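Peer 1: Below is upload.pdb; it holds PDB, C-alpha atoms.
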ATOM      1  CA  MET A  84      -6.045  -8.823 -24.190
ATOM      2  CA  ARG A  85      -5.314  -5.499 -22.562
ATOM      3  CA  GLY A  86      -7.474  -4.149 -19.740
ATOM      4  CA  PRO A  87      -8.808  -0.629 -19.224
ATOM      5  CA  GLU A  88      -6.314   2.214 -19.162
ATOM      6  CA  ILE A  89      -4.996   2.973 -15.680
ATOM      7  CA  VAL A  90      -4.692   6.629 -14.741
ATOM      8  CA  LEU A  91      -2.814   7.995 -11.720
ATOM      9  CA  ARG A  92      -4.051  11.153 -10.024
ATOM     10  CA  ASN A  93      -4.068  12.879  -6.660
ATOM     11  CA  ALA A  94      -6.727  11.551  -4.313
ATOM     12  CA  ARG A  95      -9.854  13.619  -3.826
ATOM     13  CA  GLU A  96     -12.013  13.920  -0.748
ATOM     14  CA  SER A  97     -14.729  12.154  -2.726
ATOM     15  CA  ASP A  98     -12.404   9.091  -2.856
ATOM     16  CA  VAL A  99     -12.392   8.578   0.929
ATOM     17  CA  ALA A 100     -15.063   5.852   0.956
ATOM     18  CA  ALA A 101     -13.482   4.029  -1.999
ATOM     19  CA  LEU A 102     -10.030   4.244  -0.410
ATOM     20  CA  THR A 103     -11.341   2.898   2.896
ATOM     21  CA  SER A 104     -13.041   0.058   1.033
ATOM     22  CA  LEU A 105      -9.866  -0.720  -0.923
ATOM     23  CA  LEU A 106      -7.761  -0.898   2.239
ATOM     24  CA  MET A 107     -10.338  -3.096   3.955
ATOM     25  CA  GLN A 108     -10.396  -5.430   0.929
ATOM     26  CA  THR A 109      -6.640  -5.879   1.087
ATOM     27  CA  TYR A 110      -6.843  -6.299   4.869
ATOM     28  CA  HIS A 111      -9.399  -9.106   4.514
ATOM     29  CA  THR A 112      -7.527 -10.930   1.746
ATOM     30  CA  THR A 113      -3.963 -10.506   3.037
ATOM     31  CA  TRP A 114      -3.741  -9.852   6.775
ATOM     32  CA  ALA A 115      -6.964 -11.064   8.400
ATOM     33  CA  PRO A 116      -6.343 -14.747   7.596
ATOM     34  CA  MET A 117      -2.926 -14.502   9.262
ATOM     35  CA  LEU A 118      -3.876 -12.615  12.450
ATOM     36  CA  ARG A 119      -4.635 -14.087  15.843
ATOM     37  CA  PRO A 120      -8.424 -13.748  16.415
ATOM     38  CA  GLU A 121      -8.055 -11.143  19.169
ATOM     39  CA  VAL A 122      -5.834  -8.970  16.967
ATOM     40  CA  ALA A 123      -8.088  -9.460  13.924
ATOM     41  CA  ALA A 124     -11.051  -8.243  15.966
ATOM     42  CA  THR A 125      -9.352  -4.883  16.618
ATOM     43  CA  PHE A 126      -8.950  -4.282  12.873
ATOM     44  CA  ALA A 127     -12.188  -5.838  11.582
ATOM     45  CA  SER A 128     -14.319  -2.802  12.423
ATOM     46  CA  GLY A 129     -12.322  -0.684  10.005
ATOM     47  CA  GLU A 130     -12.043   2.193  12.487
ATOM     48  CA  ARG A 131      -8.242   2.334  12.268
ATOM     49  CA  THR A 132      -8.436   2.216   8.482
ATOM     50  CA  GLN A 133     -11.055   4.987   8.355
ATOM     51  CA  ALA A 134      -8.971   7.159  10.677
ATOM     52  CA  TYR A 135      -5.847   6.623   8.528
ATOM     53  CA  VAL A 136      -7.662   7.489   5.298
ATOM     54  CA  GLN A 137      -9.377  10.543   6.838
ATOM     55  CA  ALA A 138      -6.064  11.870   8.153
ATOM     56  CA  HIS A 139      -3.988  11.269   5.020
ATOM     57  CA  TRP A 140      -6.170  10.983   1.877
ATOM     58  CA  HIS A 141      -4.833  14.309   0.588
ATOM     59  CA  GLU A 142      -1.321  12.762   0.490
ATOM     60  CA  PHE A 143      -2.384   9.715  -1.572
ATOM     61  CA  THR A 144      -1.977   9.042  -5.253
ATOM     62  CA  VAL A 145      -4.725   6.813  -6.605
ATOM     63  CA  ALA A 146      -4.943   4.537  -9.611
ATOM     64  CA  THR A 147      -8.249   4.554 -11.452
ATOM     65  CA  GLN A 148      -9.646   2.838 -14.525
ATOM     66  CA  ARG A 149     -10.549   5.471 -17.067
ATOM     67  CA  ALA A 150     -12.939   3.185 -18.937
ATOM     68  CA  GLU A 151     -15.071   2.421 -15.880
ATOM     69  CA  ALA A 152     -16.163   5.764 -14.446
ATOM     70  CA  GLU A 153     -12.887   6.013 -12.561
ATOM     71  CA  PRO A 154     -13.233   3.500  -9.733
ATOM     72  CA  VAL A 155     -10.212   3.531  -7.419
ATOM     73  CA  VAL A 156      -8.239   0.327  -8.007
ATOM     74  CA  GLY A 157      -5.051   1.201  -6.125
ATOM     75  CA  MET A 158      -3.286   3.761  -3.999
ATOM     76  CA  VAL A 159       0.146   4.748  -2.751
ATOM     77  CA  HIS A 160       1.140   6.966   0.172
ATOM     78  CA  THR A 161       4.695   8.200   0.649
ATOM     79  CA  VAL A 162       6.165  10.074   3.589
ATOM     80  CA  GLY A 163       9.622  11.407   2.772
ATOM     81  CA  ASP A 164      11.656   8.434   1.538
ATOM     82  CA  PHE A 165       9.208   5.888   2.990
ATOM     83  CA  ILE A 166       6.367   4.178   1.154
ATOM     84  CA  ASP A 167       3.825   4.072   3.953
ATOM     85  CA  ALA A 168       1.185   2.195   1.947
ATOM     86  CA  LEU A 169       0.778   0.689  -1.506
ATOM     87  CA  HIS A 170      -2.431  -1.268  -2.064
ATOM     88  CA  VAL A 171      -4.097  -2.680  -5.162
ATOM     89  CA  ALA A 172      -7.635  -4.072  -5.223
ATOM     90  CA  PRO A 173      -7.430  -7.873  -5.116
ATOM     91  CA  SER A 174      -9.363  -8.073  -8.414
ATOM     92  CA  GLN A 175      -6.763  -5.838 -10.106
ATOM     93  CA  GLN A 176      -3.547  -7.423  -8.841
ATOM     94  CA  ARG A 177      -0.988  -8.741 -11.337
ATOM     95  CA  ARG A 178      -2.133  -6.266 -13.998
ATOM     96  CA  GLY A 179       0.602  -3.643 -13.603
ATOM     97  CA  VAL A 180      -1.263  -1.283 -11.262
ATOM     98  CA  GLY A 181       1.189  -1.814  -8.397
ATOM     99  CA  ALA A 182       4.173  -1.312 -10.698
ATOM    100  CA  LEU A 183       2.728   2.008 -11.925
ATOM    101  CA  LEU A 184       2.093   3.197  -8.374
ATOM    102  CA  LEU A 185       5.563   2.110  -7.238
ATOM    103  CA  ALA A 186       7.297   3.864 -10.160
ATOM    104  CA  HIS A 187       5.276   7.009  -9.391
ATOM    105  CA  ALA A 188       6.264   6.895  -5.702
ATOM    106  CA  GLU A 189       9.940   6.406  -6.556
ATOM    107  CA  ALA A 190       9.916   9.294  -9.054
ATOM    108  CA  HIS A 191       8.273  11.520  -6.438
ATOM    109  CA  MET A 192      10.898  10.617  -3.827
ATOM    110  CA  ARG A 193      13.707  11.171  -6.354
ATOM    111  CA  ALA A 194      12.257  14.607  -7.206
ATOM    112  CA  LEU A 195      12.355  15.463  -3.492
ATOM    113  CA  GLY A 196      16.066  14.604  -3.417
ATOM    114  CA  HIS A 197      15.883  11.244  -1.673
ATOM    115  CA  ARG A 198      18.558   8.732  -2.675
ATOM    116  CA  THR A 199      16.907   5.685  -1.115
ATOM    117  CA  ALA A 200      13.343   4.378  -0.991
ATOM    118  CA  ARG A 201      12.243   2.408   2.070
ATOM    119  CA  LEU A 202       9.147   0.383   2.927
ATOM    120  CA  GLU A 203       7.991  -2.403   5.210
ATOM    121  CA  THR A 204       6.021  -5.586   4.732
ATOM    122  CA  ASP A 205       5.635  -8.752   6.788
ATOM    123  CA  THR A 206       7.543 -12.018   6.478
ATOM    124  CA  PHE A 207       4.363 -13.996   5.719
ATOM    125  CA  ASN A 208       3.489 -11.704   2.791
ATOM    126  CA  THR A 209       5.414 -13.616   0.144
ATOM    127  CA  GLN A 210       3.496 -11.988  -2.736
ATOM    128  CA  SER A 211       4.505  -8.516  -1.572
ATOM    129  CA  ARG A 212       8.100  -9.550  -0.913
ATOM    130  CA  ALA A 213       8.392 -11.067  -4.409
ATOM    131  CA  PHE A 214       6.834  -7.953  -6.002
ATOM    132  CA  TYR A 215       9.332  -5.616  -4.354
ATOM    133  CA  ALA A 216      12.275  -7.928  -5.120
ATOM    134  CA  ARG A 217      11.271  -7.866  -8.823
ATOM    135  CA  HIS A 218      11.425  -4.072  -8.614
ATOM    136  CA  GLY A 219      14.923  -3.929  -7.138
ATOM    137  CA  TYR A 220      14.227  -3.806  -3.403
ATOM    138  CA  ALA A 221      16.504  -5.641  -0.984
ATOM    139  CA  GLU A 222      15.440  -6.960   2.411
ATOM    140  CA  THR A 223      17.752  -5.174   4.826
ATOM    141  CA  ALA A 224      16.312  -5.842   8.299
ATOM    142  CA  MET A 225      13.701  -7.838  10.206
ATOM    143  CA  TYR A 226      12.127  -6.937  13.539
ATOM    144  CA  PRO A 227       8.969  -7.616  15.564
ATOM    145  CA  ASP A 228       5.854  -5.747  14.435
ATOM    146  CA  GLU A 229       5.299  -3.740  17.592
ATOM    147  CA  GLU A 230       3.341  -0.869  16.000
ATOM    148  CA  TRP A 231       0.348  -3.071  15.123
ATOM    149  CA  ASP A 232       0.876  -5.765  17.798
ATOM    150  CA  SER A 233       0.176  -8.357  15.106
ATOM    151  CA  GLY A 234       2.673 -10.956  16.252
ATOM    152  CA  PHE A 235       4.248 -10.748  12.782
ATOM    153  CA  THR A 236       7.848 -10.086  11.871
ATOM    154  CA  THR A 237       8.304  -6.934   9.821
ATOM    155  CA  VAL A 238      10.704  -6.815   6.884
ATOM    156  CA  LEU A 239      12.414  -3.535   5.952
ATOM    157  CA  LEU A 240      13.136  -3.234   2.235
ATOM    158  CA  THR A 241      15.281  -0.570   0.609
ATOM    159  CA  LYS A 242      16.225   0.466  -2.905
ATOM    160  CA  ALA A 243      18.756   2.990  -4.139
ATOM    161  CA  LEU A 244      17.087   5.687  -6.209
TER     162      LEU A 244
END
Would you mind writing the file out in structure tokens?
Peer 2:
Amino acid sequence: MRGPEIVLRNARESDVAALTSLLMQTYHTTWAPMLRPEVAATFASGERTQAYVQAHWHEFTVATQRAEAEPVVGMVHTVGDFIDALHVAPSQQRRGVGALLLAHAEAHMRALGHRTARLETDTFNTQSRAFYARHGYAETAMYPDEEWDSGFTTVLLTKAL
């Protein structure tokens, strides 16, 4: 059985609340269970997430379901040759949404003349690491996650475009 058609489009200001909700959903299902309580508390309010979405929504590409009044089910944000964020609603994972967003991001970077795509994830995030490996990304470096003070080890992944 095939699900509703997924459509990619530029984010709209009216998507800000849905994008914030999407990022908080993926935070709660992926990162929150892994964080030390004191670090989790700094993210739980959603203030950092809201600030990120408010500052960058106009740079996002969103995935929506055409058959369901266009709810946002995923998003990707690229900066140059770097995929800064790629998130899919937990209820929509493993349905091809992430692959569509990733292919879109790579095509965009290629069109800008970039020869390599880069992104980061964390060592504990085995689902993400497996997803990117299936799509041709190689783990090229590991280093402490100092930006978010999570205590995690960050993995740099790269792919030739």
Peer 1: Name the residues that the PyMOL selection byres ((chain A and resi 127-140) around 8) pulls out of this structure, and write them as a count of residues only.
Peer 2: 15
Peer 1: Please evaluate the PyMOL selection byres ((chain A and resi 236) around 6) against the displayed coordinates and give the resulting residues as an MDAnalysis selection string.
Peer 2: chainID A and resid 205:206 226:228 235 237
Peer 1: Can you check which parts of range 89-197 of chain A lie within 10 Å of range 215-220 of chain A? Per residue, the shortest pair of atoms and distance in Å to one decimal, counting all atoms listed in the file, sorted by chain and number, as a tab-separated table.
Peer 2:
residue	atom	partner	partner_atom	distance
A:Gly181	CA	A:Tyr215	CA	9.9
A:Ala182	CA	A:His218	CA	8.0
A:Leu185	CA	A:His218	CA	8.6
A:Ala186	CA	A:His218	CA	9.1
Peer 1: Could you check which of A:Gly234, A:Gly163, A:Pro173, A:Pro120 is closest to Arg193 in chain A, using only C-alpha atoms?
Peer 2: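 Result for the nearest residue to Arg193 in chain A: A:Gly163.
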Peer 1: Using only C-alpha atoms, find the one residue out of A:Ala190, A:Thr144, A:His197, A:Lys242 that sits nearest to Asp164 in chain A.
Peer 2: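 Once distances to Asp164 in chain A are computed over only C-alpha atoms, the minimum belongs to A:His197.
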Peer 1: Could you check the closest approach to Ala101 in chain A for each of A:Val145, A:Ser174, A:Ser211, A:Ala224 and tell me which residue wins, using all atoms listed in the file?
Peer 2: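 Of A:Val145, A:Ser174, A:Ser211, A:Ala224, the one nearest Ala101 in chain A is A:Val145, counting all atoms listed in the file.
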Peer 1: Would you please work out which residue, of A:Val180, A:Leu118, A:Ala221, A:Ala168, is nearest to Phe207 in chain A when using all atoms listed in the file?
Peer 2: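 Counting all atoms listed in the file, the residue closest to Phe207 in chain A is A:Leu118.
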Peer 1: Of the residues A:Thr223, A:Thr199, A:Gln175, A:Gln210, which is the one nearest to Gln108 in chain A, using all atoms listed in the file?
Peer 2: A:Gln175
Peer 1: Could you list the residues chosen by the PyMOL selection byres ((chain A and resi 201) around 6) in this structure as a PyMOL selection string?
Peer 2: chain A and resi 165+200+202+240-241
Peer 1: Limited to C-alpha atoms, could you put the picked residues into a file as a short mmCIF file (atom, residue, chain, number, x, y, z; two decimals), keeping the file's coordinate frame?
Peer 2:
data_model
loop_
_atom_site.label_atom_id
_atom_site.label_comp_id
_atom_site.auth_asym_id
_atom_site.auth_seq_id
_atom_site.Cartn_x
_atom_site.Cartn_y
_atom_site.Cartn_z
CA PHE A 165 9.21 5.89 2.99
CA ALA A 200 13.34 4.38 -0.99
CA LEU A 202 9.15 0.38 2.93
CA LEU A 240 13.14 -3.23 2.24
CA THR A 241 15.28 -0.57 0.61
#
Peer 1: Would you work out the distance separating CA of Met225 in chain A from CA of Arg212 in chain A, expressed in Å to one decimal?
Peer 2: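 Taking CA of Met225 in chain A as the start and CA of Arg212 in chain A as the end point, the length is 12.6 Å.
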Peer 1: Please measure the separation of CA of Gln176 in chain A and CA of Glu121 in chain A, giving the value in Å to one decimal.
Peer 2: 28.6 Å
Peer 1: Using the partial input, fill out range 183-209 of chain A with N, CA, C and O atoms; write the result as an mmCIF file, in the frame of the given file.
Peer 2:
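Full text of rebuild09.cif as output:
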data_model
loop_
_atom_site.group_PDB
_atom_site.id
_atom_site.type_symbol
_atom_site.label_atom_id
_atom_site.label_comp_id
_atom_site.auth_asym_id
_atom_site.auth_seq_id
_atom_site.Cartn_x
_atom_site.Cartn_y
_atom_site.Cartn_z
ATOM 1 N N LEU A 183 2.921 0.587 -11.598
ATOM 2 C CA LEU A 183 2.728 2.008 -11.925
ATOM 3 C C LEU A 183 2.785 2.878 -10.672
ATOM 4 O O LEU A 183 3.419 3.932 -10.663
ATOM 5 N N LEU A 184 2.099 2.429 -9.626
ATOM 6 C CA LEU A 184 2.093 3.197 -8.374
ATOM 7 C C LEU A 184 3.487 3.258 -7.759
ATOM 8 O O LEU A 184 3.910 4.310 -7.260
ATOM 9 N N LEU A 185 4.214 2.146 -7.804
ATOM 10 C CA LEU A 185 5.563 2.110 -7.238
ATOM 11 C C LEU A 185 6.496 3.035 -8.010
ATOM 12 O O LEU A 185 7.252 3.815 -7.413
ATOM 13 N N ALA A 186 6.455 2.986 -9.342
ATOM 14 C CA ALA A 186 7.297 3.864 -10.160
ATOM 15 C C ALA A 186 6.977 5.329 -9.882
ATOM 16 O O ALA A 186 7.883 6.169 -9.794
ATOM 17 N N HIS A 187 5.687 5.634 -9.715
ATOM 18 C CA HIS A 187 5.276 7.009 -9.391
ATOM 19 C C HIS A 187 5.861 7.438 -8.043
ATOM 20 O O HIS A 187 6.394 8.547 -7.919
ATOM 21 N N ALA A 188 5.746 6.576 -7.043
ATOM 22 C CA ALA A 188 6.264 6.895 -5.702
ATOM 23 C C ALA A 188 7.774 7.125 -5.749
ATOM 24 O O ALA A 188 8.285 8.076 -5.143
ATOM 25 N N GLU A 189 8.483 6.260 -6.462
ATOM 26 C CA GLU A 189 9.940 6.406 -6.556
ATOM 27 C C GLU A 189 10.326 7.697 -7.266
ATOM 28 O O GLU A 189 11.249 8.400 -6.831
ATOM 29 N N ALA A 190 9.632 8.050 -8.340
ATOM 30 C CA ALA A 190 9.916 9.294 -9.054
ATOM 31 C C ALA A 190 9.664 10.501 -8.156
ATOM 32 O O ALA A 190 10.443 11.466 -8.158
ATOM 33 N N HIS A 191 8.596 10.430 -7.376
ATOM 34 C CA HIS A 191 8.273 11.520 -6.438
ATOM 35 C C HIS A 191 9.380 11.673 -5.393
ATOM 36 O O HIS A 191 9.833 12.789 -5.114
ATOM 37 N N MET A 192 9.830 10.557 -4.834
ATOM 38 C CA MET A 192 10.898 10.617 -3.827
ATOM 39 C C MET A 192 12.193 11.146 -4.437
ATOM 40 O O MET A 192 12.891 11.953 -3.824
ATOM 41 N N ARG A 193 12.514 10.691 -5.651
ATOM 42 C CA ARG A 193 13.707 11.171 -6.354
ATOM 43 C C ARG A 193 13.624 12.681 -6.548
ATOM 44 O O ARG A 193 14.595 13.406 -6.322
ATOM 45 N N ALA A 194 12.453 13.173 -6.971
ATOM 46 C CA ALA A 194 12.257 14.607 -7.206
ATOM 47 C C ALA A 194 12.439 15.420 -5.922
ATOM 48 O O ALA A 194 12.837 16.582 -5.980
ATOM 49 N N LEU A 195 12.161 14.792 -4.784
ATOM 50 C CA LEU A 195 12.355 15.463 -3.492
ATOM 51 C C LEU A 195 13.798 15.380 -3.010
ATOM 52 O O LEU A 195 14.131 15.895 -1.940
ATOM 53 N N GLY A 196 14.653 14.688 -3.769
ATOM 54 C CA GLY A 196 16.066 14.604 -3.417
ATOM 55 C C GLY A 196 16.455 13.378 -2.606
ATOM 56 O O GLY A 196 17.600 13.273 -2.158
ATOM 57 N N HIS A 197 15.548 12.459 -2.430
ATOM 58 C CA HIS A 197 15.883 11.244 -1.673
ATOM 59 C C HIS A 197 16.699 10.303 -2.549
ATOM 60 O O HIS A 197 16.428 10.161 -3.734
ATOM 61 N N ARG A 198 17.686 9.653 -1.944
ATOM 62 C CA ARG A 198 18.558 8.732 -2.675
ATOM 63 C C ARG A 198 18.190 7.272 -2.435
ATOM 64 O O ARG A 198 18.699 6.390 -3.105
ATOM 65 N N THR A 199 17.317 7.042 -1.462
ATOM 66 C CA THR A 199 16.907 5.685 -1.115
ATOM 67 C C THR A 199 15.404 5.682 -0.870
ATOM 68 O O THR A 199 14.867 6.622 -0.281
ATOM 69 N N ALA A 200 14.755 4.607 -1.311
ATOM 70 C CA ALA A 200 13.343 4.378 -0.991
ATOM 71 C C ALA A 200 13.297 3.265 0.046
ATOM 72 O O ALA A 200 14.057 2.298 -0.037
ATOM 73 N N ARG A 201 12.400 3.425 1.025
ATOM 74 C CA ARG A 201 12.243 2.408 2.070
ATOM 75 C C ARG A 201 10.775 2.038 2.176
ATOM 76 O O ARG A 201 9.902 2.857 1.898
ATOM 77 N N LEU A 202 10.510 0.817 2.638
ATOM 78 C CA LEU A 202 9.147 0.383 2.927
ATOM 79 C C LEU A 202 9.221 -0.846 3.819
ATOM 80 O O LEU A 202 10.291 -1.425 4.007
ATOM 81 N N GLU A 203 8.077 -1.213 4.365
ATOM 82 C CA GLU A 203 7.991 -2.403 5.210
ATOM 83 C C GLU A 203 6.870 -3.306 4.710
ATOM 84 O O GLU A 203 5.866 -2.835 4.177
ATOM 85 N N THR A 204 7.067 -4.595 4.917
ATOM 86 C CA THR A 204 6.021 -5.586 4.732
ATOM 87 C C THR A 204 6.227 -6.622 5.826
ATOM 88 O O THR A 204 7.038 -6.418 6.726
ATOM 89 N N ASP A 205 5.508 -7.716 5.768
ATOM 90 C CA ASP A 205 5.635 -8.752 6.788
ATOM 91 C C ASP A 205 6.222 -10.016 6.178
ATOM 92 O O ASP A 205 6.048 -10.281 4.983
ATOM 93 N N THR A 206 6.888 -10.816 6.995
ATOM 94 C CA THR A 206 7.543 -12.018 6.478
ATOM 95 C C THR A 206 6.549 -12.956 5.802
ATOM 96 O O THR A 206 6.894 -13.588 4.802
ATOM 97 N N PHE A 207 5.333 -13.073 6.307
ATOM 98 C CA PHE A 207 4.363 -13.996 5.719
ATOM 99 C C PHE A 207 3.891 -13.548 4.332
ATOM 100 O O PHE A 207 3.386 -14.341 3.544
ATOM 101 N N ASN A 208 4.046 -12.259 4.018
ATOM 102 C CA ASN A 208 3.489 -11.704 2.791
ATOM 103 C C ASN A 208 4.438 -11.964 1.611
ATOM 104 O O ASN A 208 5.094 -11.065 1.093
ATOM 105 N N THR A 209 4.482 -13.209 1.192
ATOM 106 C CA THR A 209 5.414 -13.616 0.144
ATOM 107 C C THR A 209 5.109 -12.940 -1.193
ATOM 108 O O THR A 209 6.029 -12.658 -1.961
#
